[in-house]
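A.B. asks: My file is final.cif. It has mmCIF, C-alpha atoms:
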data_query
loop_
_atom_site.group_PDB
_atom_site.id
_atom_site.type_symbol
_atom_site.label_atom_id
_atom_site.label_comp_id
_atom_site.auth_asym_id
_atom_site.auth_seq_id
_atom_site.Cartn_x
_atom_site.Cartn_y
_atom_site.Cartn_z
ATOM 1 C CA MET A 1 -60.128 -20.667 -71.373
ATOM 2 C CA LYS A 2 -62.145 -18.861 -68.730
ATOM 3 C CA VAL A 3 -65.646 -17.790 -67.862
ATOM 4 C CA ILE A 4 -65.942 -14.643 -65.793
ATOM 5 C CA ILE A 5 -68.646 -12.431 -64.388
ATOM 6 C CA ALA A 6 -67.228 -9.205 -65.763
ATOM 7 C CA CYS A 7 -64.946 -8.520 -68.683
ATOM 8 C CA LEU A 8 -63.794 -5.722 -70.944
ATOM 9 C CA PRO A 9 -65.233 -5.759 -74.467
ATOM 10 C CA THR A 10 -62.933 -5.596 -77.446
ATOM 11 C CA VAL A 11 -62.883 -2.092 -78.883
ATOM 12 C CA LEU A 12 -62.905 -1.520 -82.601
ATOM 13 C CA GLY A 13 -62.337 1.571 -84.608
ATOM 14 C CA GLY A 14 -60.254 3.313 -87.206
ATOM 15 C CA LYS A 15 -59.133 2.226 -90.652
ATOM 16 C CA PHE A 16 -57.798 -1.240 -91.325
ATOM 17 C CA ASN A 17 -55.885 -2.865 -94.164
ATOM 18 C CA LEU A 18 -57.050 -6.254 -95.380
ATOM 19 C CA SER A 19 -54.715 -9.086 -94.450
ATOM 20 C CA THR A 20 -54.236 -12.238 -96.511
ATOM 21 C CA ASP A 21 -56.310 -14.143 -93.919
ATOM 22 C CA ASP A 22 -59.161 -11.647 -94.287
ATOM 23 C CA LEU A 23 -59.046 -12.017 -98.063
ATOM 24 C CA LYS A 24 -59.303 -15.794 -97.739
ATOM 25 C CA ASP A 25 -62.300 -15.472 -95.418
ATOM 26 C CA ILE A 26 -64.002 -13.190 -97.930
ATOM 27 C CA PHE A 27 -63.035 -14.600 -101.315
ATOM 28 C CA GLY A 28 -61.612 -18.032 -100.498
ATOM 29 C CA SER A 29 -58.273 -17.184 -102.100
ATOM 30 C CA VAL A 30 -56.307 -14.161 -103.183
ATOM 31 C CA GLU A 31 -55.951 -15.890 -106.543
ATOM 32 C CA ASN A 32 -58.610 -17.453 -108.749
ATOM 33 C CA PRO A 33 -58.262 -21.153 -107.911
ATOM 34 C CA ASN A 34 -59.832 -24.059 -109.692
ATOM 35 C CA LEU A 35 -62.725 -25.277 -107.592
ATOM 36 C CA GLY A 36 -61.117 -28.710 -107.330
ATOM 37 C CA SER A 37 -62.734 -32.108 -107.352
ATOM 38 C CA ILE A 38 -65.474 -31.439 -104.795
ATOM 39 C CA PRO A 39 -68.721 -30.655 -106.618
ATOM 40 C CA THR A 40 -71.170 -27.981 -105.603
ATOM 41 C CA TYR A 41 -73.874 -30.614 -105.257
ATOM 42 C CA PRO A 42 -74.175 -32.989 -102.268
ATOM 43 C CA THR A 43 -72.013 -36.108 -102.157
ATOM 44 C CA GLY A 44 -73.557 -37.818 -99.165
ATOM 45 C CA LYS A 45 -76.797 -38.149 -97.276
ATOM 46 C CA HIS A 46 -77.563 -36.380 -94.032
ATOM 47 C CA SER A 47 -78.935 -38.161 -91.023
ATOM 48 C CA GLN A 48 -81.008 -36.575 -88.291
ATOM 49 C CA ARG A 49 -79.861 -36.959 -84.733
ATOM 50 C CA LEU A 50 -81.145 -36.075 -81.299
ATOM 51 C CA TYR A 51 -78.730 -34.446 -78.893
ATOM 52 C CA PRO A 52 -78.630 -34.941 -75.132
ATOM 53 C CA SER A 53 -79.814 -32.225 -72.797
ATOM 54 C CA CYS A 54 -77.401 -30.121 -70.796
ATOM 55 C CA ILE A 55 -77.394 -27.661 -67.966
ATOM 56 C CA CYS A 56 -77.121 -23.941 -68.409
ATOM 57 C CA LEU A 57 -77.315 -20.718 -66.470
ATOM 58 C CA ALA A 58 -78.013 -17.278 -67.884
ATOM 59 C CA LEU A 59 -75.734 -14.987 -65.867
ATOM 60 C CA PRO A 60 -76.162 -11.236 -65.325
ATOM 61 C CA LYS A 61 -76.275 -9.072 -68.399
ATOM 62 C CA PHE A 62 -73.126 -7.199 -69.438
ATOM 63 C CA ASN A 63 -73.207 -3.602 -70.630
ATOM 64 C CA ALA A 64 -71.617 -4.185 -74.042
ATOM 65 C CA SER A 65 -69.392 -1.670 -75.812
ATOM 66 C CA LYS A 66 -70.874 0.428 -78.577
ATOM 67 C CA ALA A 67 -67.559 0.703 -80.396
ATOM 68 C CA THR A 68 -68.587 -1.075 -83.595
ATOM 69 C CA SER A 69 -72.108 0.313 -83.802
ATOM 70 C CA LEU A 70 -72.697 2.709 -86.648
ATOM 71 C CA THR A 71 -74.032 6.072 -85.639
ATOM 72 C CA CYS A 72 -76.846 7.302 -87.845
ATOM 73 C CA GLU A 73 -79.992 9.331 -87.489
ATOM 74 C CA ARG A 74 -82.245 6.597 -88.806
ATOM 75 C CA LYS A 75 -81.801 2.852 -88.560
ATOM 76 C CA ARG A 76 -81.718 0.921 -91.788
ATOM 77 C CA ARG A 77 -84.540 -1.536 -92.432
ATOM 78 C CA CYS A 78 -83.652 -5.229 -92.387
ATOM 79 C CA GLU A 79 -86.009 -7.976 -93.546
ATOM 80 C CA PHE A 80 -85.850 -10.735 -90.944
ATOM 81 C CA TYR A 81 -86.561 -14.441 -91.530
ATOM 82 C CA ASP A 82 -86.404 -16.234 -88.208
ATOM 83 C CA LEU A 83 -86.042 -20.006 -88.605
ATOM 84 C CA TYR A 84 -83.753 -20.526 -85.646
ATOM 85 C CA ASP A 85 -85.699 -23.568 -84.421
ATOM 86 C CA ILE A 86 -85.943 -25.142 -87.892
ATOM 87 C CA GLN A 87 -83.345 -27.340 -89.608
ATOM 88 C CA VAL A 88 -83.062 -26.154 -93.202
ATOM 89 C CA PRO A 89 -81.146 -28.189 -95.810
ATOM 90 C CA TYR A 90 -77.958 -26.359 -96.709
ATOM 91 C CA ASN A 91 -78.620 -26.298 -100.453
ATOM 92 C CA VAL A 92 -82.037 -24.738 -99.849
ATOM 93 C CA ALA A 93 -80.643 -21.923 -97.700
ATOM 94 C CA TRP A 94 -77.763 -21.417 -100.125
ATOM 95 C CA SER A 95 -80.097 -21.043 -103.096
ATOM 96 C CA TRP A 96 -82.293 -18.717 -101.068
ATOM 97 C CA GLN A 97 -79.348 -16.448 -100.276
ATOM 98 C CA LYS A 98 -78.281 -16.278 -103.919
ATOM 99 C CA SER A 99 -81.806 -15.386 -105.016
ATOM 100 C CA VAL A 100 -81.898 -12.519 -102.509
ATOM 101 C CA VAL A 101 -78.492 -11.292 -103.693
ATOM 102 C CA LYS A 102 -79.659 -11.425 -107.320
ATOM 103 C CA ALA A 103 -82.733 -9.355 -106.489
ATOM 104 C CA LYS A 104 -80.642 -6.761 -104.659
ATOM 105 C CA LYS A 105 -78.238 -6.462 -107.594
ATOM 106 C CA ALA A 106 -81.165 -5.865 -109.933
ATOM 107 C CA LEU A 107 -82.318 -2.990 -107.723
ATOM 108 C CA ILE A 108 -78.808 -1.535 -107.717
ATOM 109 C CA LYS A 109 -78.840 -1.421 -111.530
ATOM 110 C CA GLU A 110 -82.018 0.604 -111.346
ATOM 111 C CA ASN A 111 -80.466 2.922 -108.744
ATOM 112 C CA GLN A 112 -82.999 1.801 -106.187
ATOM 113 C CA ASP A 113 -82.270 1.232 -102.533
ATOM 114 C CA SER A 114 -83.300 -2.003 -100.853
ATOM 115 C CA SER A 115 -83.369 -3.103 -97.260
ATOM 116 C CA ASP A 116 -80.892 -5.570 -95.849
ATOM 117 C CA THR A 117 -81.863 -9.160 -95.063
ATOM 118 C CA LEU A 118 -81.149 -11.406 -92.095
ATOM 119 C CA ILE A 119 -81.799 -15.148 -92.050
ATOM 120 C CA VAL A 120 -81.286 -17.164 -88.854
ATOM 121 C CA LEU A 121 -81.593 -20.956 -88.919
ATOM 122 C CA GLN A 122 -80.082 -24.337 -88.193
ATOM 123 C CA HIS A 123 -78.881 -26.882 -90.745
ATOM 124 C CA HIS A 124 -79.100 -30.609 -91.150
ATOM 125 C CA PRO A 125 -75.599 -32.119 -90.708
ATOM 126 C CA VAL A 126 -73.412 -30.925 -93.585
ATOM 127 C CA TYR A 127 -69.784 -30.135 -94.407
ATOM 128 C CA THR A 128 -69.106 -26.989 -96.433
ATOM 129 C CA LEU A 129 -65.944 -25.718 -98.071
ATOM 130 C CA GLY A 130 -64.993 -22.305 -99.362
ATOM 131 C CA THR A 131 -63.963 -21.467 -102.902
ATOM 132 C CA GLY A 132 -60.289 -22.147 -102.315
ATOM 133 C CA SER A 133 -60.617 -24.794 -99.583
ATOM 134 C CA SER A 134 -58.088 -27.610 -99.640
ATOM 135 C CA GLU A 135 -59.148 -31.256 -99.493
ATOM 136 C CA GLU A 136 -56.148 -31.972 -97.274
ATOM 137 C CA PHE A 137 -58.270 -30.729 -94.375
ATOM 138 C CA LEU A 138 -60.794 -33.561 -94.857
ATOM 139 C CA ASN A 139 -60.110 -36.656 -92.770
ATOM 140 C CA PHE A 140 -62.475 -38.807 -94.810
ATOM 141 C CA ASP A 141 -63.039 -40.053 -98.332
ATOM 142 C CA ILE A 142 -65.154 -37.480 -100.140
ATOM 143 C CA LYS A 143 -67.134 -40.311 -101.753
ATOM 144 C CA ASP A 144 -68.014 -41.768 -98.340
ATOM 145 C CA SER A 145 -68.492 -38.703 -96.173
ATOM 146 C CA GLY A 146 -71.627 -39.783 -94.328
ATOM 147 C CA TYR A 147 -73.070 -36.286 -94.701
ATOM 148 C CA ASN A 148 -73.602 -33.963 -97.636
ATOM 149 C CA VAL A 149 -70.530 -31.997 -98.711
ATOM 150 C CA TYR A 150 -70.771 -28.696 -100.597
ATOM 151 C CA ARG A 151 -68.136 -26.443 -102.079
ATOM 152 C CA THR A 152 -69.446 -22.892 -102.025
ATOM 153 C CA GLU A 153 -68.349 -19.432 -103.150
ATOM 154 C CA ARG A 154 -67.696 -18.195 -99.603
ATOM 155 C CA GLY A 155 -64.250 -17.622 -98.155
ATOM 156 C CA GLY A 156 -62.584 -19.800 -95.563
ATOM 157 C CA GLU A 157 -61.796 -23.497 -95.250
ATOM 158 C CA VAL A 158 -63.941 -26.504 -94.371
ATOM 159 C CA THR A 159 -66.446 -26.374 -91.517
ATOM 160 C CA PHE A 160 -69.406 -28.351 -90.214
ATOM 161 C CA HIS A 161 -73.010 -27.287 -89.653
ATOM 162 C CA GLY A 162 -75.554 -29.280 -87.699
ATOM 163 C CA PRO A 163 -78.533 -29.190 -85.328
ATOM 164 C CA GLY A 164 -77.967 -27.069 -82.254
ATOM 165 C CA GLN A 165 -75.660 -24.648 -84.055
ATOM 166 C CA LEU A 166 -77.139 -21.222 -84.825
ATOM 167 C CA VAL A 167 -76.327 -19.948 -88.302
ATOM 168 C CA MET A 168 -76.780 -16.296 -89.176
ATOM 169 C CA TYR A 169 -76.864 -15.207 -92.817
ATOM 170 C CA PRO A 170 -76.858 -11.401 -93.107
ATOM 171 C CA ILE A 171 -77.267 -10.192 -96.692
ATOM 172 C CA MET A 172 -76.040 -6.638 -96.407
ATOM 173 C CA ASN A 173 -75.478 -3.825 -98.859
ATOM 174 C CA LEU A 174 -72.259 -2.460 -97.418
ATOM 175 C CA ARG A 175 -72.691 0.784 -99.349
ATOM 176 C CA TYR A 176 -75.154 1.758 -96.619
ATOM 177 C CA HIS A 177 -72.960 0.611 -93.740
ATOM 178 C CA LYS A 178 -69.215 0.777 -94.327
ATOM 179 C CA MET A 179 -67.385 -0.211 -97.495
ATOM 180 C CA ASP A 180 -64.613 -1.874 -95.553
ATOM 181 C CA LEU A 181 -64.420 -5.669 -95.647
ATOM 182 C CA HIS A 182 -62.082 -5.923 -92.681
ATOM 183 C CA TRP A 183 -64.533 -3.855 -90.654
ATOM 184 C CA TYR A 184 -67.388 -6.140 -91.686
ATOM 185 C CA LEU A 185 -65.576 -9.290 -90.519
ATOM 186 C CA ARG A 186 -64.694 -7.641 -87.218
ATOM 187 C CA ALA A 187 -68.290 -6.444 -86.798
ATOM 188 C CA LEU A 188 -69.634 -10.000 -87.229
ATOM 189 C CA GLU A 189 -67.156 -11.147 -84.598
ATOM 190 C CA GLU A 190 -68.305 -8.312 -82.344
ATOM 191 C CA VAL A 191 -71.905 -9.558 -82.509
ATOM 192 C CA VAL A 192 -70.861 -12.938 -81.085
ATOM 193 C CA ILE A 193 -68.452 -11.448 -78.544
ATOM 194 C CA ARG A 194 -71.264 -9.288 -77.183
ATOM 195 C CA VAL A 195 -73.659 -12.248 -77.023
ATOM 196 C CA LEU A 196 -71.225 -14.358 -75.030
ATOM 197 C CA SER A 197 -70.395 -11.493 -72.699
ATOM 198 C CA SER A 198 -73.831 -9.990 -72.087
ATOM 199 C CA THR A 199 -75.808 -13.222 -71.873
ATOM 200 C CA PHE A 200 -73.410 -15.780 -70.408
ATOM 201 C CA SER A 201 -70.581 -13.627 -68.984
ATOM 202 C CA ILE A 202 -68.131 -15.539 -71.158
ATOM 203 C CA ASP A 203 -64.965 -13.602 -71.917
ATOM 204 C CA ALA A 204 -64.511 -14.205 -75.646
ATOM 205 C CA SER A 205 -61.859 -12.643 -77.848
ATOM 206 C CA ARG A 206 -60.266 -12.426 -81.266
ATOM 207 C CA ILE A 207 -56.935 -13.951 -82.255
ATOM 208 C CA GLU A 208 -54.798 -11.851 -84.551
ATOM 209 C CA GLY A 209 -54.652 -13.331 -88.033
ATOM 210 C CA LEU A 210 -57.491 -15.802 -87.400
ATOM 211 C CA THR A 211 -61.081 -14.883 -88.234
ATOM 212 C CA GLY A 212 -63.706 -16.022 -85.731
ATOM 213 C CA VAL A 213 -64.492 -15.837 -82.015
ATOM 214 C CA TRP A 214 -62.392 -17.688 -79.469
ATOM 215 C CA ILE A 215 -62.340 -18.775 -75.840
ATOM 216 C CA GLY A 216 -58.708 -19.574 -75.178
ATOM 217 C CA ASP A 217 -57.722 -21.996 -77.938
ATOM 218 C CA GLU A 218 -61.305 -23.065 -78.641
ATOM 219 C CA LYS A 219 -63.220 -21.578 -81.566
ATOM 220 C CA LEU A 220 -66.906 -21.013 -80.816
ATOM 221 C CA ALA A 221 -67.908 -19.114 -83.942
ATOM 222 C CA ALA A 222 -66.751 -19.497 -87.537
ATOM 223 C CA ILE A 223 -67.162 -16.769 -90.152
ATOM 224 C CA GLY A 224 -67.013 -17.013 -93.924
ATOM 225 C CA ILE A 225 -68.480 -14.477 -96.329
ATOM 226 C CA ARG A 226 -68.749 -13.562 -99.979
ATOM 227 C CA VAL A 227 -68.963 -9.981 -101.217
ATOM 228 C CA SER A 228 -70.154 -9.072 -104.717
ATOM 229 C CA GLN A 229 -70.857 -5.503 -105.798
ATOM 230 C CA TRP A 230 -70.575 -4.620 -102.108
ATOM 231 C CA ILE A 231 -73.389 -7.020 -101.204
ATOM 232 C CA ALA A 232 -72.189 -9.381 -98.490
ATOM 233 C CA TYR A 233 -73.739 -12.794 -97.891
ATOM 234 C CA HIS A 234 -73.043 -16.132 -96.178
ATOM 235 C CA GLY A 235 -72.112 -15.254 -92.595
ATOM 236 C CA LEU A 236 -71.412 -16.856 -89.221
ATOM 237 C CA ALA A 237 -72.085 -20.083 -87.323
ATOM 238 C CA LEU A 238 -72.118 -20.204 -83.524
ATOM 239 C CA ASN A 239 -71.777 -23.519 -81.711
ATOM 240 C CA VAL A 240 -74.457 -23.515 -79.025
ATOM 241 C CA ILE A 241 -75.657 -27.016 -78.061
ATOM 242 C CA ASN A 242 -74.521 -28.986 -81.110
ATOM 243 C CA ASP A 243 -72.588 -32.239 -81.064
ATOM 244 C CA LEU A 244 -68.925 -31.415 -81.781
ATOM 245 C CA THR A 245 -67.973 -34.965 -82.826
ATOM 246 C CA PRO A 246 -68.281 -34.305 -86.613
ATOM 247 C CA PHE A 247 -65.543 -31.666 -86.329
ATOM 248 C CA GLN A 248 -63.117 -34.493 -85.549
ATOM 249 C CA ARG A 249 -63.392 -35.655 -89.162
ATOM 250 C CA ILE A 250 -62.020 -32.387 -90.516
ATOM 251 C CA VAL A 251 -59.414 -29.755 -89.713
ATOM 252 C CA PRO A 252 -61.916 -26.990 -88.884
ATOM 253 C CA CYS A 253 -61.183 -23.826 -90.829
ATOM 254 C CA GLY A 254 -57.813 -25.357 -91.753
ATOM 255 C CA ILE A 255 -56.358 -24.632 -88.287
ATOM 256 C CA ARG A 256 -54.549 -27.667 -86.903
ATOM 257 C CA ASP A 257 -53.366 -26.422 -83.516
ATOM 258 C CA ARG A 258 -56.733 -25.165 -82.207
ATOM 259 C CA ARG A 259 -59.919 -26.820 -81.022
ATOM 260 C CA VAL A 260 -63.637 -26.279 -81.495
ATOM 261 C CA GLY A 261 -65.859 -25.455 -78.529
ATOM 262 C CA SER A 262 -69.486 -24.640 -77.779
ATOM 263 C CA ILE A 263 -71.507 -22.620 -75.304
ATOM 264 C CA LYS A 264 -72.928 -25.860 -73.944
ATOM 265 C CA GLU A 265 -69.514 -27.308 -73.161
ATOM 266 C CA LEU A 266 -68.285 -24.104 -71.537
ATOM 267 C CA LEU A 267 -71.300 -23.875 -69.286
ATOM 268 C CA ARG A 268 -71.045 -27.546 -68.403
ATOM 269 C CA GLU A 269 -67.443 -27.010 -67.277
ATOM 270 C CA HIS A 270 -68.104 -23.922 -65.180
ATOM 271 C CA LEU A 271 -71.659 -24.262 -63.894
ATOM 272 C CA PRO A 272 -71.825 -25.134 -60.179
ATOM 273 C CA SER A 273 -73.102 -28.683 -59.697
ATOM 274 C CA ASN A 274 -75.886 -27.580 -57.329
ATOM 275 C CA ASP A 275 -77.578 -25.260 -59.870
ATOM 276 C CA SER A 276 -80.924 -26.188 -61.347
ATOM 277 C CA PRO A 277 -80.581 -27.591 -64.872
ATOM 278 C CA ILE A 278 -81.966 -25.764 -67.879
ATOM 279 C CA ASP A 279 -82.617 -27.802 -70.995
ATOM 280 C CA ASP A 280 -80.998 -27.404 -74.404
ATOM 281 C CA LEU A 281 -83.935 -25.551 -75.893
ATOM 282 C CA LYS A 282 -83.648 -22.896 -73.208
ATOM 283 C CA VAL A 283 -79.969 -22.399 -74.023
ATOM 284 C CA LEU A 284 -80.800 -22.124 -77.713
ATOM 285 C CA ASP A 285 -83.638 -19.654 -77.080
ATOM 286 C CA ILE A 286 -81.499 -17.413 -74.896
ATOM 287 C CA THR A 287 -78.637 -17.396 -77.387
ATOM 288 C CA HIS A 288 -80.936 -16.740 -80.334
ATOM 289 C CA LYS A 289 -82.590 -13.735 -78.704
ATOM 290 C CA SER A 290 -79.232 -12.274 -77.764
ATOM 291 C CA LEU A 291 -77.787 -12.819 -81.258
ATOM 292 C CA VAL A 292 -80.638 -10.937 -82.876
ATOM 293 C CA LYS A 293 -80.455 -8.097 -80.347
ATOM 294 C CA GLU A 294 -76.707 -7.639 -80.637
ATOM 295 C CA PHE A 295 -76.828 -7.842 -84.431
ATOM 296 C CA CYS A 296 -79.288 -4.947 -84.479
ATOM 297 C CA GLU A 297 -77.117 -2.874 -82.165
ATOM 298 C CA VAL A 298 -73.825 -3.499 -83.973
ATOM 299 C CA PHE A 299 -75.237 -2.808 -87.447
ATOM 300 C CA GLN A 300 -77.866 -0.288 -86.369
ATOM 301 C CA VAL A 301 -80.731 -1.933 -88.223
ATOM 302 C CA GLU A 302 -84.413 -2.235 -87.486
ATOM 303 C CA LEU A 303 -85.845 -5.690 -88.123
ATOM 304 C CA ASN A 304 -89.032 -6.319 -90.052
ATOM 305 C CA LEU A 305 -90.156 -9.865 -89.249
ATOM 306 C CA ASN A 306 -91.328 -11.755 -92.336
ATOM 307 C CA PRO A 307 -93.341 -14.979 -92.529
ATOM 308 C CA ILE A 308 -91.393 -18.108 -93.387
ATOM 309 C CA PRO A 309 -91.920 -19.037 -97.057
ATOM 310 C CA LYS A 310 -94.219 -22.053 -97.306
ATOM 311 C CA GLU A 311 -92.065 -23.587 -100.014
ATOM 312 C CA LEU A 312 -89.091 -23.562 -97.679
ATOM 313 C CA LEU A 313 -91.044 -25.194 -94.862
ATOM 314 C CA ARG A 314 -91.972 -28.051 -97.177
ATOM 315 C CA LEU A 315 -88.301 -28.636 -97.981
ATOM 316 C CA SER A 316 -87.073 -28.430 -94.384
#
If you convert what's in this file into C-alpha cells, what do you get?
C.D. replies:
Amino acid sequence: MKVIIACLPTVLGGKFNLSTDDLKDIFGSVENPNLGSIPTYPTGKHSQRLYPSCICLALPKFNASKATSLTCERKRRCEFYDLYDIQVPYNVAWSWQKSVVKAKKALIKENQDSSDTLIVLQHHPVYTLGTGSSEEFLNFDIKDSGYNVYRTERGGEVTFHGPGQLVMYPIMNLRYHKMDLHWYLRALEEVVIRVLSSTFSIDASRIEGLTGVWIGDEKLAAIGIRVSQWIAYHGLALNVINDLTPFQRIVPCGIRDRRVGSIKELLREHLPSNDSPIDDLKVLDITHKSLVKEFCEVFQVELNLNPIPKELLRLS
C-alpha cells in the first residue's frame, strides 16, 4: 500500500472477453441459482451512529488519463439526483432504481430514447448480497444480524453499506455507450481510480480477476451491477470516512485473503502529523465532487441536476 504524489493511470482500451468473475459481478452467477434462505426484505433493524472526525489533506490535482472516456460529438444527458449528504434506507433506493429501470424499458419498447440517470447517496447501515451470494461469507446468524440484510438481483457477494460511504447508482442505457459489460465494469473502476489519483494522489489499481479498486491488498471500492435489456443499474460503493468495523462480520465480496480500506484510513496513515486537520465532512465533500466530475468525464455525460423527491426525503 502506498500514497504518492504522482502516478501513472491505468490505461484501458480494446476488446475484452467476459471472465467468470465479471459474470458473477454482473449477474451473481453464471447459472440460475436459487435465491437461498435470505429474503429480499430486511431481517434486522438499522441503528444510526456518529463517526469520529479525522484529518485529511487534498493534495495537488493529477492530470487523469482519458483512455476510458468515450469520444462523441455531443455528450449524453444524465438526470442527476444528488443525495450524497443524506442517508437513504437501502430498500427505498433499491425500489427507486427499479422504478427508473422500468420506465426506461417502457421507452425502449416505444423506440424512444431516454437520458441516463445517476443517483449518489449514503445508506443507513445494511448488509446486501447478490443473487448468487453464499451465506458462508456471513459471520453472524442471519436472524440476529443487528442490521438489515437484503438479497438483491445484483452480481457479487456480500458487502456492507453505511454512513460515510459514498454510493453511486448509475442507471445507464449501454446501447448509447458501449455494449460491452467488461468495459462497463472497468469504466466504473476507472472513475474511482481517477478520483483517488487526481484528488488525493493515491495510487490505486485493479487486481486481475477481482472486480473493484485496490490499494495494495486493501479494497476501497466495491462494484456490483445488474444489466437487463442493456440497461445497467446498481453500481459502486467507495469507502470514504465510514467505520470499517461492520466488515469484520462478513467476508467482504467473498474474498478471504484481502482487507477493506478507506480514504480516511489511508490519509490518517500518510498525513504528516503537523498538518492542519480537516474534518470528515470536508473529506466527504471533496470526494463527492471528484466522483461526480470523473464520472462525467469517463462516460461523457452532461448532468441535469434534479430536485430530491419529497417522498424520498420523508423516508430518509
A.B. asks: Wanna dump the range 182-268 of chain A-range 93-107 of chain A contacts at 8 Å for me, each residue with its shortest atom pair and the distance in Å to one decimal, counting all atoms listed in the file, ordered by chain and number, as JSON lines?
C.D. replies:
{"residue": "A:Gln229", "atom": "CA", "partner": "A:Lys105", "partner_atom": "CA", "distance": 7.7}
{"residue": "A:Ile231", "atom": "CA", "partner": "A:Val101", "partner_atom": "CA", "distance": 7.1}
{"residue": "A:Tyr233", "atom": "CA", "partner": "A:Gln97", "partner_atom": "CA", "distance": 7.1}
{"residue": "A:His234", "atom": "CA", "partner": "A:Gln97", "partner_atom": "CA", "distance": 7.5}
A.B. asks: If you keep C-alpha atoms, can you produce a file of those selected residues as a PDB file, in the frame of the given file?
C.D. replies:
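Once written, again_13.pdb looks like this:
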ATOM      1  CA  GLN A 229     -70.857  -5.503-105.798  1.00  0.00           C
ATOM      2  CA  ILE A 231     -73.389  -7.020-101.204  1.00  0.00           C
ATOM      3  CA  TYR A 233     -73.739 -12.794 -97.891  1.00  0.00           C
ATOM      4  CA  HIS A 234     -73.043 -16.132 -96.178  1.00  0.00           C
TER       5      HIS A 234
END
A.B. asks: Taking the file as shown, find all residues satisfying the PyMOL selection byres ((chain A and resi 91) around 10) and write them as number ranges by chain.
C.D. replies: A: 40-42, 88-90, 92-97, 123, 126, 148, 150, 152
A.B. asks: Exactly which residues make up the result of the PyMOL selection byres ((chain A and resi 226) around 8) on this file, given as a short mmCIF file (atom, residue, chain, number, x, y, z; two decimals) with C-alpha atoms, in the frame of the given file?
C.D. replies:
data_model
loop_
_atom_site.label_atom_id
_atom_site.label_comp_id
_atom_site.auth_asym_id
_atom_site.auth_seq_id
_atom_site.Cartn_x
_atom_site.Cartn_y
_atom_site.Cartn_z
CA ILE A 26 -64.00 -13.19 -97.93
CA PHE A 27 -63.04 -14.60 -101.32
CA GLU A 153 -68.35 -19.43 -103.15
CA ARG A 154 -67.70 -18.20 -99.60
CA GLY A 155 -64.25 -17.62 -98.16
CA GLY A 224 -67.01 -17.01 -93.92
CA ILE A 225 -68.48 -14.48 -96.33
CA VAL A 227 -68.96 -9.98 -101.22
CA SER A 228 -70.15 -9.07 -104.72
CA ALA A 232 -72.19 -9.38 -98.49
CA TYR A 233 -73.74 -12.79 -97.89
CA HIS A 234 -73.04 -16.13 -96.18
#
A.B. asks: For Gly235 in chain A, which of A:Leu166, A:Ala204, A:Val260, A:Ile215 is the closest residue, counting all atoms listed in the file?
C.D. replies: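 Closest residue, counting all atoms listed in the file: A:Leu166.
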A.B. asks: What does the PyMOL selection byres ((chain A and resi 216) around 10) select in this file, as a short mmCIF file (atom, residue, chain, number, x, y, z; two decimals) with C-alpha atoms, in the frame of the given file?
C.D. replies:
data_model
loop_
_atom_site.label_atom_id
_atom_site.label_comp_id
_atom_site.auth_asym_id
_atom_site.auth_seq_id
_atom_site.Cartn_x
_atom_site.Cartn_y
_atom_site.Cartn_z
CA MET A 1 -60.13 -20.67 -71.37
CA LYS A 2 -62.14 -18.86 -68.73
CA ASP A 203 -64.96 -13.60 -71.92
CA ALA A 204 -64.51 -14.20 -75.65
CA SER A 205 -61.86 -12.64 -77.85
CA ARG A 206 -60.27 -12.43 -81.27
CA ILE A 207 -56.94 -13.95 -82.26
CA VAL A 213 -64.49 -15.84 -82.02
CA TRP A 214 -62.39 -17.69 -79.47
CA ILE A 215 -62.34 -18.77 -75.84
CA ASP A 217 -57.72 -22.00 -77.94
CA GLU A 218 -61.30 -23.06 -78.64
CA LYS A 219 -63.22 -21.58 -81.57
CA ARG A 258 -56.73 -25.16 -82.21
CA ARG A 259 -59.92 -26.82 -81.02
CA GLY A 261 -65.86 -25.46 -78.53
#
A.B. asks: Could you give me, as JSON lines, a per-residue list for range 189-232 of chain A showing, wherever an atom lies at most 10 Å from an atom of range 286-309 of chain A, the closest pair of atoms and their distance in Å to one decimal, using all atoms listed in the file and sorting by chain then residue number from low to high?
C.D. replies:
{"residue": "A:Glu190", "atom": "CA", "partner": "A:Val298", "partner_atom": "CA", "distance": 7.5}
{"residue": "A:Val191", "atom": "CA", "partner": "A:Glu294", "partner_atom": "CA", "distance": 5.5}
{"residue": "A:Val192", "atom": "CA", "partner": "A:Leu291", "partner_atom": "CA", "distance": 6.9}
{"residue": "A:Ile193", "atom": "CA", "partner": "A:Glu294", "partner_atom": "CA", "distance": 9.3}
{"residue": "A:Arg194", "atom": "CA", "partner": "A:Glu294", "partner_atom": "CA", "distance": 6.7}
{"residue": "A:Val195", "atom": "CA", "partner": "A:Ser290", "partner_atom": "CA", "distance": 5.6}
{"residue": "A:Leu196", "atom": "CA", "partner": "A:Thr287", "partner_atom": "CA", "distance": 8.4}
{"residue": "A:Ser198", "atom": "CA", "partner": "A:Ser290", "partner_atom": "CA", "distance": 8.2}
{"residue": "A:Thr199", "atom": "CA", "partner": "A:Ser290", "partner_atom": "CA", "distance": 6.9}
{"residue": "A:Phe200", "atom": "CA", "partner": "A:Thr287", "partner_atom": "CA", "distance": 8.9}
A.B. asks: Find the spatial neighbours of Phe160 in chain A, counting only C-alpha atoms, within a cut-off of 7 Å - ignore same-chain residues fewer than 2 positions away - and output them as a list in words.
C.D. replies: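 Here the answer would be Val126, Tyr127, Thr128, Gly162 and Phe247 of chain A.
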A.B. asks: Set the distance at 9 Å and use all atoms listed in the file: which residues neighbour Arg256 in chain A once local chain neighbours fewer than 4 positions away are removed? I'd like the list as a list in words.
C.D. replies: Phe137, Val251 and Pro252 of chain A
A.B. asks: Which of these residues is nearest to Pro125 in chain A, using all atoms listed in the file: A:Arg175, A:Ser201, A:Gly156, A:Leu244?
C.D. replies: A:Leu244
A.B. asks: Calculate how many Å separate CA of Asp141 in chain A from CA of Leu129 in chain A, rounding to one decimal.
C.D. replies: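 Separation between CA of Asp141 in chain A and CA of Leu129 in chain A: 14.6 Å.
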A.B. asks: Would you work out the distance separating CA of His270 in chain A from CA of Gly212 in chain A, expressed in Å to one decimal?
C.D. replies: 22.5 Å
A.B. asks: Could you work out how far CA of Lys178 in chain A lies from CA of Asp113 in chain A, giving the answer in Å with one decimal?
C.D. replies: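 The value is 15.4 Å.
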A.B. asks: Looking at only C-alpha atoms, which of A:Met172, A:Leu138, A:Leu118, A:Ile86 is the one that sits closest to Ile250 in chain A?
C.D. replies: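 Among the listed residues, the smallest separation from Ile250 in chain A belongs to A:Leu138.
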